[in-house]
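What follows is a set of notes on a single structure, which appears directly below.
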Amino acid sequence: MKWVRRADADAISSTTFTPLGNRTFRAIWVATQVSNFGSLMQTVAISWLMATISTSDLMVALVQASSTLPSFVLSIFAGALVDNFDRRRVMLAAQGAMAVASAMLTALIALGCVDPWIILGFSFLIGCGGAFNNPAWQASLGDIVERRDLPAAVTLLSVGFNTTRSVGPAMGGVIVAFFGPLTAFVLNTLSYLAPVAAIWGCKWEARSSSLPPESMGTAIYDGVRFTAMSSEIKAAIARGTLFGLSSVSIVALLPLVARDQLAQGPIGYGVLMAGFGCGAFLAGIFNGLIRRILTQEWLITLACAACAACSISLALAPTLAVAAAALALGGVGWVVAWSGLGVSVQLASPRWIVGRTLSIYNALTFGGIAAGSWIWGAVAQDYSLTWALQSSGGALLLVAASGFLFPVRESREWDLDPLESFDAPAVALDLKPRSGPIVIKIEYSIPEKNVEAFLMLMRERRRVQSRVGARHWTLLRNLQAPLQWTETFRTPTWTEYLRLNHRLTTADRELDRRVLKLHSGELSPQLILSIERPTGPTRKPDQMTPFVSHR
């Protein structure tokens with residue numbers, strides 16, 4: 001039995017690291033770890049510098065909030081940009097912007113400008129670059145690796161970050177203690193050159209469309225609508241937001257734990273961060289094995305419980321060693337929760353919209369993290385550090401119990417790739433790409449014996465059509481000819497009608513065939529395309545003439 005378990009573990013480990021066999025993924029992943037290493041050293045420097053120049057516990061906690069708030073504010077715009085333009089170029093621009101912001105902060109620190117609000121402001125600017133880079137990098141995973149390797153690739157992102165977390169903070173503490181914060185700022189600025197070089201040197205093929213990019217408003221609307229219609233994504237967002245709000249106290253208040261509770265300096269703070277990173281690293285290594293044993297919901301529940309135990313234990317820890325051990329448990333829960341939720345969103349999203357669903361997920365979860373940083377910092381300042389940590393532990397237990405309301409599910413069997421094949425029907429009018437609104441009507445003849453089955457299929461069809469861009473979907477029954485049913489929906493423009501049909505999947509086409517089997521009559525269901533025009537003296541009557549075709 002021991003041999004079988006070990007063989008399974010080896011297989012899981014091999015599967016976990018399979019994406020590293022892809023040259024492009026490996027190059028960018030390794031370069032990202034170099035950048036993460038520098039960022040974590042700077043995080044230690046900023047947090048410790050803030051703790052020394054400000055007596056406000058809230059200001060210390062706001063360091064975490066300032067770096068995560070941009071993801072809440074900008075992510076939805078970043079997601080729309082990522083899905084409509086070259087993701088590689090978005091990553092290059094974002095990494096370059098972060099390098100410039102970091103260089104400016106380093107220069108100000110070198111000149112002696114160490115005002116708390118200046119530090120928070122540039123931390124916010126660096127976070128803005130991350131708000132665009134992160135959805136672009138995450139959305140590119142499906143373009144770089146095979147779909148079967150996507151869970152492993154998402155897990156490796158967490159493993160990589162938390163591996164550097166086990167070393168970067170400790171190294172940052174040593175550098176701050178012996179060389180000062182400025183050295184950490186310089187090294188972080190240089191670290192941004194690694195991902196810029198890797199992205200510049202790597203090119204990968206992404207699914208392209210023959211249609212022009214969506215407008216920003218339409219892209220955001222489609223992203224929000226798709227997210228609202230996906231129960232899997234909504235559950236992941238709800239749990240992620242609550243988990244981020246409750247669990248961020250562990251890292252946001254850690255400088256105060258080191259300084260006030262344990263009477264430690266920057267090296268002690270680095271050791272505590274290393275304990276958290278070691279636990280996260282181990283969780284990442286065995287994440288594949290854990291995922292095979294437990295359901296996704298159980299994983300999230302146990303991760304919340306682990307972080308709750310960490311937070312409560314940290315509030316009572318008398319020594320550095322005990323606190324580090326508690327943080328290792330918290331690191332396990334942290335990486336298991338975030339990697340699991342990220343995988344759920346990735347697998348529930350087709351490639352044409354994954355940037356937007358990930359950005360909405362990031363926006364709300366990072367918003368929870370930013371809010372949690374402020375809430376727990378305020379509680380620590382107004383009451384006590386112990387009370388803040390224990391309260392967050394209790395909140396995490398409630399998040400674990402919220403699985404009864406928002407269960408997280410995952411499926412590996414979804415085929416969400418669009419067919420990207422559609423022969424547009426000929427029309428009698430000279431339509432431009434932005435001509436519209438377009439009204440689509442499909443007329444069916446349904447015998448009475450098939451009505452119940454037809455209504456069941458049309459409920460699913462409404463979800464499918466609305467998910468890919470249909471608006472104002474309705475189903476009508478003719479009062480004078482009860483066998484006649486009419487499906488009606490709109491798209492804003494002719495291009496959006498074409499885009500809707502390009503997004504349909506194999507499963508969606510199969511649904512069409514199932515509906516067609518219920519149709520009676522010699523002819524196929526009749527498709528009527530019309531362009532909507534308001535009546536008025538400036539409109540030509542022939543513009544309201546519909547074009548009729550058959551399918």
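In the structure tokens, chains take letters A, B, ... by order of appearance, with residues numbered from 1 within each chain and ligands from 1 in the order shown.
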Inset, instruction - Using backbone DSSP assignments, extract all alpha helix (DSSP H) residues from stretch 252-396 of chain A; output them as a PyMOL selection string. - result: chain A and resi 252+254-256+266-285+287-293+296-316+320-347+354-382+385-396
Per residue of stretch 225-286 of chain A within 12 Å of stretch 462-482 of chain A, record the nearest atom pair and its distance in Å to one decimal, counting only C-alpha atoms, with rows in chain order and ascending residue number, as JSON lines.
```
{"residue": "A:Arg225", "atom": "CA", "partner": "A:Arg467", "partner_atom": "CA", "distance": 6.9}
{"residue": "A:Phe226", "atom": "CA", "partner": "A:Arg467", "partner_atom": "CA", "distance": 5.2}
{"residue": "A:Thr227", "atom": "CA", "partner": "A:Arg467", "partner_atom": "CA", "distance": 8.8}
{"residue": "A:Ala228", "atom": "CA", "partner": "A:Arg467", "partner_atom": "CA", "distance": 9.2}
{"residue": "A:Met229", "atom": "CA", "partner": "A:Arg467", "partner_atom": "CA", "distance": 6.9}
{"residue": "A:Ser230", "atom": "CA", "partner": "A:Arg467", "partner_atom": "CA", "distance": 8.7}
{"residue": "A:Ser231", "atom": "CA", "partner": "A:Arg463", "partner_atom": "CA", "distance": 11.8}
```
How would the residues just chosen look if you wrote them out with C-alpha atoms as a tab-separated table (two decimals), in the first residue's frame?
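So out.tsv came out as:
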```tsv
chain	number	residue	atom	x	y	z
A	225	ARG	CA	-23.33	39.05	-18.69
A	226	PHE	CA	-21.38	35.83	-19.23
A	227	THR	CA	-20.12	35.88	-15.65
A	228	ALA	CA	-23.63	36.51	-14.31
A	229	MET	CA	-24.93	33.48	-16.26
A	230	SER	CA	-22.23	31.06	-15.07
A	231	SER	CA	-23.05	29.49	-11.70
```
Inset, instruction - Can you list, as JSON, numbers by chain, all residues belonging to stretch 338-532 of chain A that DSSP tags as strand (DSSP E)? - result: {"A": [438, 439, 440, 441, 442, 443, 444, 445, 471, 472, 473, 474, 475, 476, 477, 484, 485, 486, 487, 488, 489, 490, 491, 526, 527, 528, 529, 530, 531]}
Output C-alpha atoms for every residue in that selection, as a short mmCIF file (atom, residue, chain, number, x, y, z; two decimals), in the first residue's frame.
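After the write, result.cif holds the following:
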```
data_model
loop_
_atom_site.label_atom_id
_atom_site.label_comp_id
_atom_site.auth_asym_id
_atom_site.auth_seq_id
_atom_site.Cartn_x
_atom_site.Cartn_y
_atom_site.Cartn_z
CA ILE A 438 -30.33 43.56 -35.89
CA VAL A 439 -33.49 41.65 -34.99
CA ILE A 440 -33.36 37.87 -35.44
CA LYS A 441 -36.53 35.78 -35.65
CA ILE A 442 -36.63 32.00 -36.08
CA GLU A 443 -40.02 30.45 -36.75
CA TYR A 444 -40.71 26.84 -35.73
CA SER A 445 -43.65 24.52 -36.29
CA ARG A 471 -30.10 40.44 -26.11
CA HIS A 472 -33.81 40.62 -25.31
CA TRP A 473 -34.36 36.94 -26.06
CA THR A 474 -38.04 35.95 -26.14
CA LEU A 475 -40.15 32.99 -27.24
CA LEU A 476 -43.61 33.69 -28.75
CA ARG A 477 -46.53 31.40 -29.60
CA GLN A 484 -46.16 28.27 -34.85
CA TRP A 485 -43.50 29.38 -32.34
CA THR A 486 -41.11 32.29 -32.85
CA GLU A 487 -37.74 32.75 -31.18
CA THR A 488 -36.68 36.41 -31.17
CA PHE A 489 -33.55 38.23 -30.02
CA ARG A 490 -31.43 41.24 -30.93
CA THR A 491 -27.79 42.17 -31.41
CA GLN A 526 -37.48 29.98 -41.08
CA LEU A 527 -34.83 32.60 -40.23
CA ILE A 528 -35.86 36.24 -40.59
CA LEU A 529 -33.22 38.96 -40.27
CA SER A 530 -34.36 42.54 -39.89
CA ILE A 531 -32.66 45.84 -39.19
#
```
Inset, instruction - Would you please work out which residue, of A:Arg351, A:Ala65, A:Ile46, A:Thr357, is nearest to A:Ile375 when using only C-alpha atoms? - result: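 Among A:Arg351, A:Ala65, A:Ile46, A:Thr357, it is A:Ala65 that comes nearest to A:Ile375.
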Inset, instruction - Work out how far apart atom CA of A:Phe122 and atom CA of A:Ala101 are and give it in Å to one decimal. - result: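 Those two atoms sit 6.5 Å apart.
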Neighbouring residues of A:Tyr192 were defined as those with any atom within 10 Å, considering only C-alpha atoms; residues of the same chain fewer than 2 positions away were excluded. Please report them as a JSON list (two decimals) with N, CA and C atoms, in the first residue's frame.
```json
[["chain", "number", "residue", "atom", "x", "y", "z"],
["A", 31, "ALA", "N", 11.02, 33.75, -15.46],
["A", 31, "ALA", "CA", 11.24, 35.20, -15.39],
["A", 31, "ALA", "C", 10.27, 35.85, -14.41],
["A", 32, "THR", "N", 9.04, 35.35, -14.38],
["A", 32, "THR", "CA", 8.05, 35.89, -13.43],
["A", 32, "THR", "C", 8.47, 35.64, -12.00],
["A", 34, "VAL", "N", 11.56, 35.55, -10.94],
["A", 34, "VAL", "CA", 12.59, 36.55, -10.65],
["A", 34, "VAL", "C", 11.94, 37.87, -10.27],
["A", 35, "SER", "N", 10.93, 38.26, -11.03],
["A", 35, "SER", "CA", 10.21, 39.50, -10.74],
["A", 35, "SER", "C", 9.48, 39.41, -9.40],
["A", 36, "ASN", "N", 8.84, 38.24, -9.14],
["A", 36, "ASN", "CA", 8.17, 38.06, -7.85],
["A", 36, "ASN", "C", 9.15, 38.15, -6.69],
["A", 38, "GLY", "N", 11.89, 39.91, -6.56],
["A", 38, "GLY", "CA", 12.17, 41.31, -6.31],
["A", 38, "GLY", "C", 11.00, 42.03, -5.66],
["A", 39, "SER", "N", 9.79, 41.72, -6.10],
["A", 39, "SER", "CA", 8.60, 42.38, -5.54],
["A", 39, "SER", "C", 8.43, 42.04, -4.07],
["A", 95, "GLN", "N", 4.43, 45.30, -17.88],
["A", 95, "GLN", "CA", 5.71, 45.08, -17.21],
["A", 95, "GLN", "C", 6.60, 46.32, -17.32],
["A", 96, "GLY", "N", 6.58, 46.97, -18.49],
["A", 96, "GLY", "CA", 7.36, 48.20, -18.64],
["A", 96, "GLY", "C", 6.88, 49.30, -17.73],
["A", 97, "ALA", "N", 5.57, 49.43, -17.59],
["A", 97, "ALA", "CA", 5.01, 50.46, -16.70],
["A", 97, "ALA", "C", 5.40, 50.21, -15.25],
["A", 98, "MET", "N", 5.37, 48.94, -14.83],
["A", 98, "MET", "CA", 5.76, 48.63, -13.46],
["A", 98, "MET", "C", 7.23, 48.94, -13.22],
["A", 99, "ALA", "N", 8.08, 48.66, -14.21],
["A", 99, "ALA", "CA", 9.50, 48.96, -14.08],
["A", 99, "ALA", "C", 9.73, 50.46, -13.92],
["A", 100, "VAL", "N", 9.02, 51.28, -14.71],
["A", 100, "VAL", "CA", 9.17, 52.73, -14.62],
["A", 100, "VAL", "C", 8.70, 53.25, -13.26],
["A", 102, "SER", "N", 8.50, 51.60, -10.44],
["A", 102, "SER", "CA", 9.44, 51.16, -9.41],
["A", 102, "SER", "C", 10.72, 51.98, -9.43],
["A", 187, "LEU", "N", 16.98, 46.45, -6.38],
["A", 187, "LEU", "CA", 16.92, 45.08, -6.88],
["A", 187, "LEU", "C", 15.55, 44.77, -7.49],
["A", 188, "ASN", "N", 14.50, 45.30, -6.90],
["A", 188, "ASN", "CA", 13.17, 45.06, -7.47],
["A", 188, "ASN", "C", 13.03, 45.71, -8.83],
["A", 189, "THR", "N", 13.54, 46.93, -8.97],
["A", 189, "THR", "CA", 13.47, 47.60, -10.27],
["A", 189, "THR", "C", 14.19, 46.79, -11.35],
["A", 190, "LEU", "N", 15.35, 46.26, -11.01],
["A", 190, "LEU", "CA", 16.10, 45.45, -11.96],
["A", 190, "LEU", "C", 15.39, 44.15, -12.29],
["A", 194, "ALA", "N", 13.65, 40.94, -16.25],
["A", 194, "ALA", "CA", 13.58, 39.51, -16.59],
["A", 194, "ALA", "C", 12.31, 39.17, -17.36],
["A", 195, "PRO", "N", 11.10, 39.49, -16.85],
["A", 195, "PRO", "CA", 9.89, 39.16, -17.64],
["A", 195, "PRO", "C", 9.80, 39.96, -18.93],
["A", 196, "VAL", "N", 10.30, 41.20, -18.94],
["A", 196, "VAL", "CA", 10.28, 41.97, -20.18],
["A", 196, "VAL", "C", 11.10, 41.25, -21.25],
["A", 197, "ALA", "N", 12.28, 40.77, -20.87],
["A", 197, "ALA", "CA", 13.14, 40.06, -21.83],
["A", 197, "ALA", "C", 12.51, 38.75, -22.26]]
```
Can you check which parts of stretch 355-401 of chain A lie within 12 Å of stretch 327-337 of chain A? Per residue, the shortest pair of atoms and distance in Å to one decimal, counting only C-alpha atoms, sorted by chain and number, as CSV.
```
residue,atom,partner,partner_atom,distance
A:Thr365,CA,A:Ala337,CA,12.0
A:Gly393,CA,A:Gly330,CA,10.9
A:Leu396,CA,A:Gly333,CA,11.0
A:Val399,CA,A:Ala337,CA,11.6
A:Ala400,CA,A:Ala337,CA,10.8
```
